[in-house]
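Here the structure comes first, spelled out in structure tokens, and everything after it is commentary.
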Amino acid sequence: MSKPALVLDNSILSALFASGWFDAPSFYRPDRLVLISDRVWNREFSPYHEIESEPAWATVQEADLESVQTQALGQLSKPDWSCIALAEGAKGDTTVVTNDKALREVAIRRNLDAEWGTHFVIRTFTACGITISEFEEGVGTYLSDVTLPTEVADAVRHTDK
Amino acid sequence: MANAQPGRDVSQRGPAEYLDPLAPLSSQFQQLKSMLEFVFDDHEEFLQDLTDDILALPPEERFTMSHEVLREHVEDQFGSTDAFTAILPESNPAKLPAFLEQVFDTLLTDVLEGVFFHRNPQDHLALAALFQTLEYSIRRLDEVEDQEAKNRVASSMLAILSRLQHILADSPESLPAEAIWDTAYGLHYLTTEDSGPDFPNPVGTSFDEVKEHVIGFGAVIAYARLDISLSRGAELAGVSSEEFRANLDRYDIEPRFGPNSVAELYEDGIDE
């Protein structure tokens with residue numbers, strides 16, 4: 001049976017990087033696969049961040065955009081669609097992790113599991129994938145990168161482990 | 001300047017009616033022209049002469065003095081502007097700005113639909129920037145106090161409308177470069193005196209750079225008004241997501257990240 005997988009988009013990768021939590025997804029290995037599409041990694045993320053190589057905890061994988069059937073292709077970018085294509089092509093349970101509303105809506109509309117990037121962060125923190133000191137150090141930066149309503153930002157800031 | 005109103009499920013909509021970016025313009029212009037039939041013996045000839053004279057002006061005059069060209073043409077045709085006003089159809093002139101704003105808003109909405117069905121809808125984005133400029137000019141007419149400033153705003157509007165009239169008369173297959181230049185000039189002249197972000201004077205700038213500015217502004221409008229992802233906005237603008245976010249900041253547009261509430265944050269129900 002295939003392992004469940006997480007597909008991370010640029011919005012969550014960039015927010016994790018900015019907050020100093022970039023390696024937090026390694027917490028989910030080896031029980032889960034962490035997938036990043038090659039379009040997201042090579043065109044959206046790595047050219048704009050000081051990253052020398054792909055992280056050991058992630059599998060950067062080519063996505064077949066031709067497999068995606070839709071009328072309104074222009075609601076999402078090609079890197080977004082590559083996240084959808086990866087998730088739809090994966091064999092096990094797969095969750096698209098993003099903070100972007102449009103990408104999340106499309107994923108859900110296509111019967112994929114989706115998780116808010118911020119929920120992913122909280123889940124990782126409470127499960128000890130991010131330490132208390134790392135969380136306290138990075139949460140301000142995270143919340144300035146991922147603009148959220150005040151009540152949500154307060155809830156994130158005051159998450160108990 | 002880029003007002004927001006995203007939403008609506010577009011996944012089941014068909015692309016056919018959104019392929020030609022000039023189609024909505026053509027039908028709206030036809031409606032506007034039919035209104036002129038009540039006033040002019042030969043409205044086509046009047047419009048042709050007026051737009052030819054306006055477009056013959058260099059940009060620095062076209063976007064500041066076109067109201068004078070209109071006044072001269074009206075006086076030639078009717079003797080005086082008062083005589084022209086007297087024969088206008090029975091309607092409240094105060095309602096005209098609201099009517100035009102609605103027309104430009106409809107054009108903007110229609111042309112932006114193309115963004116959903118084209119991977120690289122540059123003509124749609126350039127026209128969106130142009131219609132947004134026209135819509136903004138109506139609002140500026142209402143905001144500015146002194147008559148000279150009103151005249152300059154009206155001149156920018158006339159310059160752009162003249163360009164559109166000229167484009168429609170030519171029926172081009174794609175949007176001509178002049179429309180992009182004129183959008184850039186319109187944005188520059190309309191924003192030199194307001195409190196929002198300025199647009200650089202296109203004089204001395206290469207066409208590629210001007211086009212980049214106009215398309216980039218069109219992408220901001222598309223993001224503000226359509227339910228597209230941030231990454232799609234960046235793709236339309238031809239910049240990175242970080243650069244696109246910086247562009248959104250210039251216009252006080254927030255990226256659409258979620259969740260919206262604490263309840264929504266936990267509704268995913270995924271636990272380790």
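By convention in this document, the chains of the structure tokens carry letters A, B, ... by their order, each chain's residues are numbered from 1, and ligands are numbered from 1 in the order they are shown.
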
Distance table requested - chain A against chain B, cut-off 6 Å, only C-alpha atoms: one row per qualifying residue with the closest atom pair and its distance in Å to one decimal, ordered by chain and rising residue number, as CSV.
```
residue,atom,partner,partner_atom,distance
A:Gln71,CA,B:Ser11,CA,5.8
A:Ala72,CA,B:Phe116,CA,5.0
A:Leu73,CA,B:Phe117,CA,6.0
A:Gly74,CA,B:Phe116,CA,3.9
A:Gln75,CA,B:Ile228,CA,4.6
A:Leu76,CA,B:Arg232,CA,5.1
A:Ser77,CA,B:Arg232,CA,4.1
A:Asn99,CA,B:Phe257,CA,5.2
A:Asp100,CA,B:Phe257,CA,4.7
A:Lys101,CA,B:Phe257,CA,5.5
A:Ala102,CA,B:Ser229,CA,4.9
A:Glu115,CA,B:Asp268,CA,5.9
A:Val152,CA,B:Val262,CA,5.2
```

| Selection: 9 Å around segment 9-25 of chain A, only C-alpha atoms, excl. self and same-chain fewer than 3 positions, as a VMD selection string | (chain A and resid 28 to 29 34 36 to 37 40 to 41 44 to 45 49 55 57 to 58 79 to 80 83 96 to 100 116 to 118 121 124 to 125 129 to 130 134 to 135 137 to 143 145 to 146) or (chain B and resid 230 to 231 241 257)

Emit the selected residues as a short mmCIF file (atom, residue, chain, number, x, y, z; two decimals), in the first residue's frame, including N, CA and C atoms.
```cif
data_model
loop_
_atom_site.label_atom_id
_atom_site.label_comp_id
_atom_site.auth_asym_id
_atom_site.auth_seq_id
_atom_site.Cartn_x
_atom_site.Cartn_y
_atom_site.Cartn_z
N TYR A 28 7.57 14.48 9.17
CA TYR A 28 6.58 13.51 8.67
C TYR A 28 7.20 12.32 7.94
N ARG A 29 8.54 12.37 7.72
CA ARG A 29 9.20 11.23 7.13
C ARG A 29 9.55 10.22 8.22
N VAL A 34 6.65 13.62 1.26
CA VAL A 34 6.43 15.05 1.09
C VAL A 34 6.81 15.38 -0.35
N ILE A 36 6.94 17.85 -3.75
CA ILE A 36 6.96 19.21 -4.30
C ILE A 36 7.08 19.05 -5.82
N SER A 37 6.25 19.76 -6.55
CA SER A 37 6.34 19.62 -8.01
C SER A 37 7.60 20.33 -8.50
N VAL A 40 7.04 24.04 -9.08
CA VAL A 40 7.05 24.86 -7.86
C VAL A 40 8.49 25.02 -7.38
N TRP A 41 9.24 23.93 -7.34
CA TRP A 41 10.59 24.00 -6.80
C TRP A 41 11.52 24.82 -7.71
N GLU A 44 9.28 28.55 -9.03
CA GLU A 44 8.67 29.48 -8.08
C GLU A 44 9.48 29.67 -6.81
N PHE A 45 10.02 28.56 -6.31
CA PHE A 45 10.62 28.67 -4.97
C PHE A 45 12.13 28.87 -4.99
N HIS A 49 14.95 31.96 -3.34
CA HIS A 49 15.38 31.68 -1.97
C HIS A 49 16.78 31.09 -2.01
N PRO A 55 15.73 19.62 -0.50
CA PRO A 55 15.86 19.06 0.86
C PRO A 55 15.69 17.54 0.84
N TRP A 57 14.17 15.77 2.85
CA TRP A 57 12.84 15.32 3.30
C TRP A 57 11.77 15.39 2.20
N ALA A 58 12.12 15.99 1.07
CA ALA A 58 11.10 16.15 0.02
C ALA A 58 11.47 15.40 -1.24
N PRO A 79 2.34 26.30 -12.02
CA PRO A 79 2.85 25.63 -10.81
C PRO A 79 1.72 25.15 -9.89
N ASP A 80 0.62 25.94 -9.78
CA ASP A 80 -0.53 25.49 -8.97
C ASP A 80 -1.12 24.21 -9.55
N CYS A 83 0.66 21.14 -8.70
CA CYS A 83 0.34 20.58 -7.37
C CYS A 83 -0.89 19.69 -7.47
N VAL A 96 -3.20 18.32 -0.32
CA VAL A 96 -2.56 19.52 -0.84
C VAL A 96 -2.48 20.52 0.30
N VAL A 97 -1.28 20.97 0.61
CA VAL A 97 -1.08 21.92 1.71
C VAL A 97 -0.78 23.29 1.11
N THR A 98 -1.64 24.25 1.39
CA THR A 98 -1.49 25.59 0.82
C THR A 98 -2.17 26.63 1.71
N ASN A 99 -1.73 27.85 1.62
CA ASN A 99 -2.44 28.95 2.28
C ASN A 99 -3.27 29.75 1.27
N ASP A 100 -3.17 29.41 0.01
CA ASP A 100 -3.85 30.18 -1.03
C ASP A 100 -5.29 29.69 -1.19
N TRP A 116 -5.02 23.77 5.23
CA TRP A 116 -4.42 25.10 5.30
C TRP A 116 -2.96 24.96 5.74
N GLY A 117 -2.08 25.72 5.12
CA GLY A 117 -0.68 25.69 5.52
C GLY A 117 -0.52 26.02 6.99
N THR A 118 -1.35 26.93 7.49
CA THR A 118 -1.26 27.32 8.89
C THR A 118 -1.69 26.18 9.81
N VAL A 121 1.23 23.91 10.03
CA VAL A 121 2.25 24.44 10.94
C VAL A 121 1.87 24.14 12.40
N THR A 124 2.20 20.50 13.13
CA THR A 124 3.61 20.11 13.24
C THR A 124 4.19 20.56 14.58
N PHE A 125 3.81 21.78 14.96
CA PHE A 125 4.30 22.33 16.24
C PHE A 125 3.79 21.51 17.43
N GLY A 129 7.24 18.73 15.92
CA GLY A 129 8.08 18.88 14.71
C GLY A 129 8.72 20.25 14.65
N ILE A 130 8.21 21.18 15.43
CA ILE A 130 8.82 22.51 15.60
C ILE A 130 8.93 22.70 17.12
N GLU A 134 11.79 27.50 18.61
CA GLU A 134 11.74 27.76 17.15
C GLU A 134 10.42 28.44 16.79
N PHE A 135 9.35 27.94 17.41
CA PHE A 135 8.03 28.50 17.11
C PHE A 135 7.96 29.96 17.54
N GLU A 137 10.33 32.02 17.98
CA GLU A 137 11.23 32.85 17.18
C GLU A 137 10.64 33.16 15.79
N GLY A 138 9.92 32.21 15.23
CA GLY A 138 9.48 32.38 13.83
C GLY A 138 8.04 32.81 13.63
N VAL A 139 7.21 32.74 14.70
CA VAL A 139 5.78 32.94 14.48
C VAL A 139 5.44 34.35 14.00
N GLY A 140 6.18 35.35 14.47
CA GLY A 140 5.93 36.72 14.01
C GLY A 140 6.17 36.86 12.52
N THR A 141 7.28 36.31 12.07
CA THR A 141 7.61 36.37 10.64
C THR A 141 6.58 35.60 9.82
N TYR A 142 6.19 34.43 10.35
CA TYR A 142 5.19 33.62 9.64
C TYR A 142 3.90 34.42 9.43
N LEU A 143 3.46 35.07 10.51
CA LEU A 143 2.19 35.79 10.43
C LEU A 143 2.28 37.06 9.60
N ASP A 145 4.14 37.06 6.87
CA ASP A 145 4.19 36.51 5.50
C ASP A 145 2.81 36.02 5.07
N VAL A 146 2.12 35.35 6.00
CA VAL A 146 0.79 34.81 5.68
C VAL A 146 -0.23 35.73 6.34
N LEU B 230 -2.66 33.62 -6.07
CA LEU B 230 -1.56 34.60 -6.07
C LEU B 230 -0.52 34.21 -7.13
N SER B 231 -0.26 32.93 -7.21
CA SER B 231 0.72 32.43 -8.18
C SER B 231 0.25 32.73 -9.62
N SER B 241 6.29 35.46 -7.42
CA SER B 241 5.21 35.67 -6.45
C SER B 241 5.57 36.79 -5.47
N PHE B 257 -5.14 34.82 1.36
CA PHE B 257 -4.73 33.64 2.09
C PHE B 257 -5.81 33.31 3.11
#
```

| Secondary structure check, helix (DSSP H, G or I) residues of chain A, as a ChimeraX atom specification | /A:10-19,24-28,38-48,65-67,73-75,78-89,101-109,117-126,132-145,150-157

Could you write out that same residue set with C-alpha atoms as a PDB file, in the first residue's frame?
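Here's the written file out02.pdb:
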```pdb
ATOM      1  CA  ASN A  10       4.972  27.768  -2.929  1.00  0.00           C
ATOM      2  CA  SER A  11       2.845  29.708  -0.426  1.00  0.00           C
ATOM      3  CA  ILE A  12       3.615  27.284   2.414  1.00  0.00           C
ATOM      4  CA  LEU A  13       7.209  26.588   1.346  1.00  0.00           C
ATOM      5  CA  SER A  14       7.988  30.326   1.277  1.00  0.00           C
ATOM      6  CA  ALA A  15       6.294  30.916   4.630  1.00  0.00           C
ATOM      7  CA  LEU A  16       8.178  28.009   6.249  1.00  0.00           C
ATOM      8  CA  PHE A  17      11.446  29.308   4.810  1.00  0.00           C
ATOM      9  CA  ALA A  18      10.852  32.870   5.979  1.00  0.00           C
ATOM     10  CA  SER A  19      10.005  31.672   9.498  1.00  0.00           C
ATOM     11  CA  ALA A  24       9.869  21.097   9.720  1.00  0.00           C
ATOM     12  CA  PRO A  25       8.211  18.825   7.104  1.00  0.00           C
ATOM     13  CA  SER A  26      11.024  16.296   7.693  1.00  0.00           C
ATOM     14  CA  PHE A  27       9.048  15.425  10.840  1.00  0.00           C
ATOM     15  CA  TYR A  28       6.578  13.508   8.666  1.00  0.00           C
ATOM     16  CA  ASP A  38       9.351  20.460 -10.141  1.00  0.00           C
ATOM     17  CA  ARG A  39       7.591  23.606 -11.391  1.00  0.00           C
ATOM     18  CA  VAL A  40       7.053  24.856  -7.862  1.00  0.00           C
ATOM     19  CA  TRP A  41      10.586  23.999  -6.799  1.00  0.00           C
ATOM     20  CA  ASN A  42      12.539  25.071  -9.896  1.00  0.00           C
ATOM     21  CA  ARG A  43      10.468  28.050 -11.094  1.00  0.00           C
ATOM     22  CA  GLU A  44       8.670  29.484  -8.076  1.00  0.00           C
ATOM     23  CA  PHE A  45      10.616  28.666  -4.974  1.00  0.00           C
ATOM     24  CA  SER A  46      14.340  27.942  -5.318  1.00  0.00           C
ATOM     25  CA  PRO A  47      15.242  30.811  -7.731  1.00  0.00           C
ATOM     26  CA  TYR A  48      14.026  33.307  -5.124  1.00  0.00           C
ATOM     27  CA  LEU A  65      -0.138  18.935 -16.651  1.00  0.00           C
ATOM     28  CA  GLU A  66      -1.784  17.242 -19.633  1.00  0.00           C
ATOM     29  CA  SER A  67      -3.586  14.964 -17.178  1.00  0.00           C
ATOM     30  CA  LEU A  73      -7.389  26.680 -16.621  1.00  0.00           C
ATOM     31  CA  GLY A  74      -6.606  30.323 -15.921  1.00  0.00           C
ATOM     32  CA  GLN A  75      -7.860  30.323 -12.349  1.00  0.00           C
ATOM     33  CA  LYS A  78       0.946  26.252 -14.073  1.00  0.00           C
ATOM     34  CA  PRO A  79       2.849  25.628 -10.808  1.00  0.00           C
ATOM     35  CA  ASP A  80      -0.530  25.486  -8.972  1.00  0.00           C
ATOM     36  CA  TRP A  81      -1.916  23.026 -11.480  1.00  0.00           C
ATOM     37  CA  SER A  82       1.238  20.946 -11.085  1.00  0.00           C
ATOM     38  CA  CYS A  83       0.343  20.576  -7.370  1.00  0.00           C
ATOM     39  CA  ILE A  84      -3.127  19.410  -8.383  1.00  0.00           C
ATOM     40  CA  ALA A  85      -1.665  17.025 -10.972  1.00  0.00           C
ATOM     41  CA  LEU A  86       0.776  15.548  -8.435  1.00  0.00           C
ATOM     42  CA  ALA A  87      -1.992  15.042  -5.894  1.00  0.00           C
ATOM     43  CA  GLU A  88      -4.335  13.487  -8.447  1.00  0.00           C
ATOM     44  CA  GLY A  89      -1.578  11.241  -9.778  1.00  0.00           C
ATOM     45  CA  LYS A 101      -7.655  30.249  -1.098  1.00  0.00           C
ATOM     46  CA  ALA A 102      -8.018  29.734  -4.839  1.00  0.00           C
ATOM     47  CA  LEU A 103      -5.718  26.717  -4.969  1.00  0.00           C
ATOM     48  CA  ARG A 104      -7.428  25.191  -1.932  1.00  0.00           C
ATOM     49  CA  GLU A 105     -10.894  25.742  -3.442  1.00  0.00           C
ATOM     50  CA  VAL A 106      -9.894  24.082  -6.703  1.00  0.00           C
ATOM     51  CA  ALA A 107      -8.326  21.133  -4.853  1.00  0.00           C
ATOM     52  CA  ILE A 108     -11.478  20.583  -2.791  1.00  0.00           C
ATOM     53  CA  ARG A 109     -13.709  20.989  -5.845  1.00  0.00           C
ATOM     54  CA  GLY A 117      -0.675  25.694   5.519  1.00  0.00           C
ATOM     55  CA  THR A 118      -1.264  27.325   8.890  1.00  0.00           C
ATOM     56  CA  HIS A 119      -3.058  24.217  10.163  1.00  0.00           C
ATOM     57  CA  PHE A 120      -0.102  22.183   8.949  1.00  0.00           C
ATOM     58  CA  VAL A 121       2.247  24.445  10.942  1.00  0.00           C
ATOM     59  CA  ILE A 122       0.155  24.164  14.124  1.00  0.00           C
ATOM     60  CA  ARG A 123      -0.143  20.412  13.709  1.00  0.00           C
ATOM     61  CA  THR A 124       3.605  20.106  13.236  1.00  0.00           C
ATOM     62  CA  PHE A 125       4.297  22.331  16.240  1.00  0.00           C
ATOM     63  CA  THR A 126       1.932  20.507  18.605  1.00  0.00           C
ATOM     64  CA  ILE A 132       8.757  25.854  21.364  1.00  0.00           C
ATOM     65  CA  SER A 133      11.760  28.163  20.965  1.00  0.00           C
ATOM     66  CA  GLU A 134      11.744  27.759  17.153  1.00  0.00           C
ATOM     67  CA  PHE A 135       8.027  28.503  17.106  1.00  0.00           C
ATOM     68  CA  GLU A 136       8.361  31.582  19.301  1.00  0.00           C
ATOM     69  CA  GLU A 137      11.231  32.852  17.183  1.00  0.00           C
ATOM     70  CA  GLY A 138       9.482  32.378  13.835  1.00  0.00           C
ATOM     71  CA  VAL A 139       5.778  32.936  14.483  1.00  0.00           C
ATOM     72  CA  GLY A 140       5.929  36.723  14.014  1.00  0.00           C
ATOM     73  CA  THR A 141       7.607  36.374  10.641  1.00  0.00           C
ATOM     74  CA  TYR A 142       5.192  33.622   9.636  1.00  0.00           C
ATOM     75  CA  LEU A 143       2.187  35.788  10.431  1.00  0.00           C
ATOM     76  CA  SER A 144       3.581  38.754   8.536  1.00  0.00           C
ATOM     77  CA  ASP A 145       4.186  36.514   5.503  1.00  0.00           C
ATOM     78  CA  THR A 150      -6.549  39.095  13.646  1.00  0.00           C
ATOM     79  CA  GLU A 151      -8.488  36.382  15.497  1.00  0.00           C
ATOM     80  CA  VAL A 152      -6.759  33.647  13.472  1.00  0.00           C
ATOM     81  CA  ALA A 153      -3.337  35.269  13.916  1.00  0.00           C
ATOM     82  CA  ASP A 154      -3.962  35.492  17.691  1.00  0.00           C
ATOM     83  CA  ALA A 155      -5.012  31.844  17.821  1.00  0.00           C
ATOM     84  CA  VAL A 156      -1.833  30.818  15.973  1.00  0.00           C
ATOM     85  CA  ARG A 157       0.366  33.001  18.186  1.00  0.00           C
TER      86      ARG A 157
END
```

| query | Between B:Asn201, B:Ser171, B:Ser195, B:Asn247, which is the closest to Leu22 of chain B once you count only C-alpha atoms? | reply | B:Ser171

| Which of B:Glu101, B:Thr106, B:Ser80, B:Ile253 sits closest to Asp142 of chain B [using only C-alpha atoms] |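 Nearest to Asp142 of chain B: B:Glu101.
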
| request: Can you list, as a ChimeraX atom specification, all residues belonging to segment 64-127 of chain A that DSSP tags as strand (DSSP E)? | output: /A:94-98,113-116

Would you save the residues of that selection, restricted to N, CA and C atoms, as a short mmCIF file (atom, residue, chain, number, x, y, z; two decimals), in the first residue's frame?
```
data_model
loop_
_atom_site.label_atom_id
_atom_site.label_comp_id
_atom_site.auth_asym_id
_atom_site.auth_seq_id
_atom_site.Cartn_x
_atom_site.Cartn_y
_atom_site.Cartn_z
N THR A 94 -3.60 11.62 -0.41
CA THR A 94 -2.73 12.77 -0.65
C THR A 94 -3.44 14.05 -0.24
N THR A 95 -2.71 14.94 0.40
CA THR A 95 -3.27 16.20 0.87
C THR A 95 -2.49 17.36 0.26
N VAL A 96 -3.20 18.32 -0.32
CA VAL A 96 -2.56 19.52 -0.84
C VAL A 96 -2.48 20.52 0.30
N VAL A 97 -1.28 20.97 0.61
CA VAL A 97 -1.08 21.92 1.71
C VAL A 97 -0.78 23.29 1.11
N THR A 98 -1.64 24.25 1.39
CA THR A 98 -1.49 25.59 0.82
C THR A 98 -2.17 26.63 1.71
N ASP A 113 -8.02 16.07 -0.86
CA ASP A 113 -7.91 16.58 0.50
C ASP A 113 -7.04 17.82 0.48
N ALA A 114 -7.43 18.81 1.27
CA ALA A 114 -6.63 20.04 1.33
C ALA A 114 -6.46 20.43 2.79
N GLU A 115 -5.34 21.02 3.09
CA GLU A 115 -5.07 21.47 4.46
C GLU A 115 -4.49 22.87 4.39
N TRP A 116 -5.02 23.77 5.23
CA TRP A 116 -4.42 25.10 5.30
C TRP A 116 -2.96 24.96 5.74
#
```

| request: Name the residues in contact with Leu57 of chain B at a cut-off of 10 Å, using only C-alpha atoms, excluding same-chain residues fewer than 5 positions from it; report them as JSON, numbers by chain. | output: {"B": [52, 62, 63, 65, 66, 69, 159]}

Output file for the residues above (C-alpha atoms, as a PDB file, in the first residue's frame):
```
ATOM      1  CA  ASP B  52      -8.815  62.036 -35.965  1.00  0.00           C
ATOM      2  CA  ARG B  62      -3.704  64.784 -26.205  1.00  0.00           C
ATOM      3  CA  PHE B  63      -3.895  63.845 -22.527  1.00  0.00           C
ATOM      4  CA  MET B  65      -5.967  69.483 -24.031  1.00  0.00           C
ATOM      5  CA  SER B  66      -8.393  67.165 -25.848  1.00  0.00           C
ATOM      6  CA  VAL B  69     -10.750  69.834 -29.419  1.00  0.00           C
ATOM      7  CA  ALA B 159      -7.798  60.568 -25.599  1.00  0.00           C
TER       8      ALA B 159
END
```
